[in-house]
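Data block for run_30.cif (mmCIF, C-alpha atoms):
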data_target
#
loop_
_atom_site.label_atom_id
_atom_site.label_comp_id
_atom_site.auth_asym_id
_atom_site.auth_seq_id
_atom_site.Cartn_x
_atom_site.Cartn_y
_atom_site.Cartn_z
CA SER A 16 23.22 91.09 332.49
CA ARG A 17 25.34 91.24 329.31
CA ASP A 18 28.68 89.45 329.93
CA TYR A 19 27.54 88.18 333.36
CA ILE A 20 29.42 84.96 334.17
CA TYR A 21 27.43 81.88 335.17
CA CYS A 22 27.80 78.09 335.29
CA GLU A 23 25.37 75.25 334.80
CA LEU A 24 25.30 71.61 335.81
CA VAL A 25 23.25 69.10 333.84
CA PHE A 26 22.12 66.06 335.88
CA ASN A 27 21.46 63.18 333.51
CA TYR A 28 18.95 60.60 334.72
CA ALA A 29 18.02 57.13 333.47
CA GLY A 30 14.55 55.99 332.45
CA GLY A 31 13.79 58.63 329.85
CA CYS A 32 13.77 61.50 332.33
CA GLY A 33 16.19 63.65 330.34
CA GLY A 34 18.48 66.14 332.02
CA ASP A 35 17.84 68.68 334.78
CA ILE A 36 19.79 71.94 334.57
CA TYR A 37 20.93 73.77 337.68
CA SER A 38 22.45 77.25 337.42
CA THR A 39 24.34 79.76 339.53
CA SER A 40 22.83 82.61 337.50
CA PRO A 41 19.85 83.62 339.67
CA LEU A 42 21.96 83.67 342.82
CA ALA A 43 25.53 84.83 342.20
CA PRO A 44 28.27 84.98 339.55
CA CYS A 45 30.04 81.67 339.02
CA ASP A 46 33.13 81.13 341.18
CA VAL A 47 35.65 79.81 338.66
CA THR A 48 37.91 78.29 341.34
CA TRP A 49 34.98 76.29 342.74
CA TRP A 50 34.01 75.30 339.21
CA ASN A 51 37.45 74.05 338.25
CA ASN A 52 37.68 71.87 341.37
CA LEU A 53 34.16 70.45 341.23
CA ASP A 54 33.87 66.66 341.56
CA VAL A 55 30.98 65.79 339.23
CA GLU A 56 31.14 62.07 340.00
CA ALA A 57 30.55 62.77 343.68
CA LEU A 58 27.64 65.06 342.81
CA ALA A 59 26.07 62.38 340.58
CA ALA A 60 26.27 59.86 343.41
CA GLU A 61 24.81 62.35 345.90
CA PHE A 62 21.81 63.21 343.71
CA GLY A 63 21.22 59.74 342.24
CA ALA A 64 22.05 60.75 338.66
CA GLU A 65 23.75 58.63 336.03
CA SER A 66 26.19 61.46 335.39
CA VAL A 67 26.66 65.19 335.78
CA THR A 68 27.86 67.36 332.91
CA LYS A 69 29.52 70.75 333.44
CA ASN A 70 28.29 73.53 331.16
CA GLY A 71 30.41 76.64 331.55
CA PRO A 72 31.70 79.00 332.49
CA GLN A 73 29.66 81.05 330.08
CA TYR A 74 28.43 84.61 329.79
CA TRP A 75 24.98 86.00 329.09
CA SER A 76 24.80 87.72 325.70
CA MET A 77 21.60 89.64 326.43
CA ASP A 78 21.02 92.83 328.40
CA THR A 79 18.17 91.70 330.64
CA VAL A 80 17.55 88.20 331.93
CA LYS A 81 14.98 87.09 334.46
CA VAL A 82 15.19 83.39 335.18
CA LYS A 83 12.52 81.64 337.18
CA GLY A 84 14.42 79.00 339.08
CA SER A 85 13.21 76.73 341.82
CA GLN A 86 12.50 78.33 345.19
CA GLU A 87 14.67 75.66 346.74
CA VAL A 88 18.38 76.42 346.77
CA PHE A 89 20.71 73.45 346.29
CA ASP A 90 24.18 73.27 347.80
CA MET A 91 26.42 71.92 345.05
CA ALA A 92 29.65 71.17 346.86
CA GLY A 93 29.86 74.63 348.33
CA ALA A 94 28.05 76.78 345.77
CA ASP A 95 24.34 77.60 345.67
CA MET A 96 22.36 76.74 342.54
CA ASN A 97 18.72 76.73 341.43
CA PHE A 98 16.92 74.27 339.18
CA GLY A 99 16.27 76.11 335.92
CA ALA A 100 15.24 73.85 333.04
CA ASN A 101 14.72 70.35 331.75
CA LEU A 102 16.27 68.88 328.61
CA PRO A 103 14.45 66.19 326.61
CA PRO A 104 15.99 62.69 326.72
CA GLY A 105 18.94 62.29 324.39
CA THR A 106 19.70 66.00 324.12
CA MET A 107 23.15 65.78 325.70
CA GLY A 108 24.24 63.23 323.11
CA SER A 109 22.92 65.10 320.09
CA SER A 110 25.28 66.55 317.51
CA ALA A 111 25.90 70.24 316.92
CA TYR A 112 23.33 72.15 314.84
CA THR A 113 20.56 69.68 315.69
CA VAL A 114 17.34 71.30 316.92
CA PHE A 115 16.15 70.38 320.41
CA TYR A 116 13.35 71.74 322.62
CA PRO A 117 14.18 72.61 326.24
CA THR A 118 11.47 73.77 328.64
CA LYS A 119 12.22 76.74 330.88
CA THR A 120 10.88 80.01 332.25
CA GLN A 121 12.93 83.02 331.17
CA PHE A 122 12.35 86.64 330.23
CA LEU A 123 15.14 87.91 327.99
CA ILE A 124 15.85 91.24 326.28
CA TRP A 125 18.54 92.17 323.78
CA LYS A 126 18.46 95.97 323.57
CA ALA A 127 18.11 97.79 320.28
CA GLY A 128 21.34 99.16 318.91
CA LEU A 129 23.54 96.50 320.49
CA PRO A 130 24.95 93.45 318.68
CA THR A 131 23.37 90.01 318.71
CA TYR A 132 25.14 86.89 317.41
CA ARG A 133 23.04 84.58 315.30
CA LEU A 134 22.91 81.39 313.29
CA THR A 135 20.57 81.14 310.32
CA ASP A 136 19.55 77.65 309.23
CA ALA A 137 18.75 76.38 305.74
CA ASP A 138 15.06 77.27 306.16
CA GLY A 139 15.81 80.87 307.09
CA TYR A 140 15.13 80.52 310.82
CA GLN A 141 17.45 82.56 313.00
CA TYR A 142 18.83 81.54 316.38
CA VAL A 143 20.48 84.01 318.76
CA VAL A 144 23.27 82.88 321.07
CA GLN A 145 22.08 82.87 324.66
CA GLY A 146 25.29 82.27 326.59
CA TYR A 147 28.73 82.44 325.01
CA LYS A 148 31.85 80.51 326.01
CA VAL A 149 34.40 81.78 323.53
CA ASP A 150 36.40 84.92 324.18
CA LYS A 151 34.17 87.96 323.70
CA SER A 152 36.58 89.37 321.12
CA ASP A 153 35.96 86.29 318.93
CA LEU A 154 32.18 86.72 318.69
CA ALA A 155 32.19 89.12 315.75
CA THR A 156 34.16 86.72 313.52
CA LEU A 157 33.14 83.41 315.05
CA GLY A 158 31.70 82.22 311.74
CA ASP A 159 35.24 82.01 310.33
CA GLN A 160 36.15 79.50 313.04
CA PHE A 161 33.34 77.02 312.44
CA GLN A 162 34.53 73.74 310.94
CA SER A 163 31.25 71.82 310.69
CA LEU A 164 28.57 74.43 310.01
CA PRO A 165 25.95 72.72 307.80
CA GLU A 166 25.57 73.69 304.16
CA ASP A 167 23.25 76.68 303.69
CA TRP A 168 23.68 77.73 307.33
CA SER A 169 25.37 81.01 308.18
CA TYR A 170 26.62 83.05 311.13
CA SER A 171 26.11 86.80 311.41
CA VAL A 172 26.18 89.76 313.75
CA VAL A 173 22.80 91.50 313.78
CA THR A 174 22.17 94.85 315.47
CA PRO A 175 18.38 95.07 315.95
CA ASP A 176 16.47 98.32 315.46
CA GLU A 177 14.04 97.28 318.20
CA ASP A 178 14.46 95.33 321.40
CA LEU A 179 14.56 91.58 320.84
CA VAL A 180 12.33 90.07 323.53
CA PHE A 181 11.72 86.48 324.62
CA ASN A 182 9.12 85.44 327.18
CA LEU A 183 9.76 81.72 327.54
CA THR A 184 7.46 79.35 329.41
CA PRO A 185 7.43 75.57 329.86
CA ASP A 186 4.15 75.45 327.92
CA ALA A 187 6.03 76.32 324.72
CA PRO A 188 9.44 74.63 324.51
CA ILE A 189 11.88 76.85 322.63
CA PRO A 190 13.60 75.46 319.50
CA SER A 191 17.32 75.58 320.20
CA VAL A 192 20.60 74.51 318.63
CA GLN A 193 24.13 74.10 319.89
CA ASP A 194 27.23 75.01 317.91
CA GLU A 195 30.58 73.19 317.90
CA PHE A 196 31.79 75.36 320.78
CA ASP A 197 28.90 74.03 322.91
CA GLN A 198 27.11 77.38 322.89
CA ILE A 199 23.30 77.37 322.93
CA TYR A 200 21.26 79.46 320.48
CA ILE A 201 17.50 79.95 320.76
CA ARG A 202 15.13 80.59 317.87
CA VAL A 203 14.25 84.24 317.28
CA PRO A 204 10.55 85.06 317.92
CA SER A 205 8.00 84.22 315.27
CA ASP A 206 7.65 87.62 313.60
CA ASP A 207 11.32 87.67 312.65
CA THR A 208 11.56 83.98 311.77
CA THR A 209 8.35 84.10 309.75
CA SER A 210 9.81 86.93 307.70
CA ALA A 211 12.98 84.95 307.11
CA ALA A 212 11.10 81.79 306.17
CA ASN A 213 8.73 83.73 303.92
CA SER A 214 11.71 85.37 302.22
CA ASN A 215 13.06 81.91 301.35
CA THR A 216 9.63 80.86 300.10
CA VAL A 217 9.35 83.94 297.88
CA ARG A 218 12.77 83.25 296.39
CA LEU A 219 11.77 79.65 295.67
CA LEU A 220 8.47 80.66 294.04
CA TYR A 221 10.26 83.30 291.97
CA THR A 222 12.68 80.67 290.71
CA VAL A 223 9.81 78.31 289.81
CA VAL A 224 7.97 81.07 287.92
CA LEU A 225 11.09 81.91 285.92
CA HIS A 226 11.51 78.26 284.98
CA VAL A 227 7.85 78.02 283.92
CA ILE A 228 8.11 81.19 281.81
CA PHE A 229 11.34 80.03 280.21
CA PHE A 230 9.92 76.56 279.50
CA GLY A 231 6.82 78.10 277.92
CA MET A 232 8.90 80.30 275.67
CA VAL A 233 10.95 77.32 274.54
CA VAL A 234 7.81 75.33 273.74
CA ARG A 235 6.36 78.18 271.66
CA VAL A 236 9.60 78.56 269.70
CA ILE A 237 9.66 74.83 268.93
#
Taking this structure as input, can you express it in the form of structure tokens?
Amino acid sequence: SRDYIYCELVFNYAGGCGGDIYSTSPLAPCDVTWWNNLDVEALAAEFGAESVTKNGPQYWSMDTVKVKGSQEVFDMAGADMNFGANLPPGTMGSSAYTVFYPTKTQFLIWKAGLPTYRLTDADGYQYVVQGYKVDKSDLATLGDQFQSLPEDWSYSVVTPDEDLVFNLTPDAPIPSVQDEFDQIYIRVPSDDTTSAANSNTVRLLYTVVLHVIFFGMVVRVI
């Protein structure tokens, strides 16, 4: 699945319904010619949506992906797509690096020994890019290209010693962020993120203890 090309359409509906995502991924690689000539206004009118947003082409960054789409196949102006996920209301208008919580069913594996591309937020939580849109050769140094990465956030290439596995279900929406290149990152499973968050907590407590010790010494000297 790594580097497999796919395209998504986000149908935005009124009335607080959020956005429905349809994808070519479970069925076939995205046809770029079809994609470039797609009339999204006509699709919105056909499906009764306020608007349709194109998301792609993009490429899976993981090695195994099993996406549970709808059994029904939708003809989107000549290409077959499945319904794959729902975005909470307001997600499409949110700014980069803002956490949102999509619901979807996916089983994803990044194999040990192969690179993953991650954002780390100010609390130490890591997010791994799910589908990339930039040139593959830019991924290793993408952090140098960010113009609006928040303070205390960072970008890194991480090669895991063990498989990185996600088993996503609609019962547990996955915390996600989008970068300024419109690429989606999903939060790394709890064991890894807990370690990162705990590491930050330990550093904070260590700093507090040092201040307390120093203050006590000053008081005794006075």
(Q) If the PyMOL selection byres ((chain A and resi 142-158) around 8) were run on this exact file, what residues would it hold? Put them as a PyMOL selection string. (A) chain A and resi 71-77+131-135+140-141+159-161+169-172+191-192+196-203
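Taking only C-alpha atoms, the non-local environment of segment 19-25 of chain A within 7 Å (same-chain residues fewer than 2 positions away omitted) comprises Ser16, Arg17, Asn27, Gly34, Asp35, Ile36, Tyr37, Ser38, Thr39, Ser40, Pro44, Cys45, Val67, Thr68, Lys69, Asn70, Gly71, Pro72, Gln73, Tyr74 and Trp75 of chain A.
Taking atom CA of Asp78 of chain A and atom CA of Lys119 of chain A as the two end points, the separation is 18.5 Å.
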Q: Name the residues in contact with Pro185 of chain A at a cut-off of 10 Å, using all atoms listed in the file, excluding same-chain residues fewer than 5 positions from it; report them as a list in words.
A: Ala100, Asn101, Pro117, Thr118, Lys119, Thr120 and Gln121 of chain A
Q. If we count only C-alpha atoms, what is near Leu179 of chain A at a cut-off of 10 Å, once residues fewer than 2 positions away on the same chain are taken out, given as a count of residues only?
A. 16
Q. Quick one: distance from atom CA of Ala57 of chain A to atom CA of Ala29 of chain A in Å, one decimal?
A. 17.1 Å
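Between atom CA of Asp95 of chain A and atom CA of Cys32 of chain A lies a distance of 23.4 Å.
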(Q) Residues proximal to (17.7, 79.6, 304.0) were defined as those with any atom within 7 Å of that point in the file's coordinates, counting only C-alpha atoms. Which are they, as a ChimeraX atom specification? (A) /A:136-139,167,215
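With only C-alpha atoms as the atoms that count, the minimum distance from Trp50 of chain A to the choices A:Tyr28, A:Met91, A:Phe98, A:Leu129 is reached by A:Met91.
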Q.
Which residue is closest to Ser66 of chain A? Choose from A:Glu87, A:Ala94, A:Asp46, A:Phe26 and count all atoms listed in the file.
A. A:Phe26
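With distances restricted to all atoms listed in the file, A:Val173 is the closest residue to Pro130 of chain A from A:Val173, A:Ala111, A:Val88, A:Leu53.
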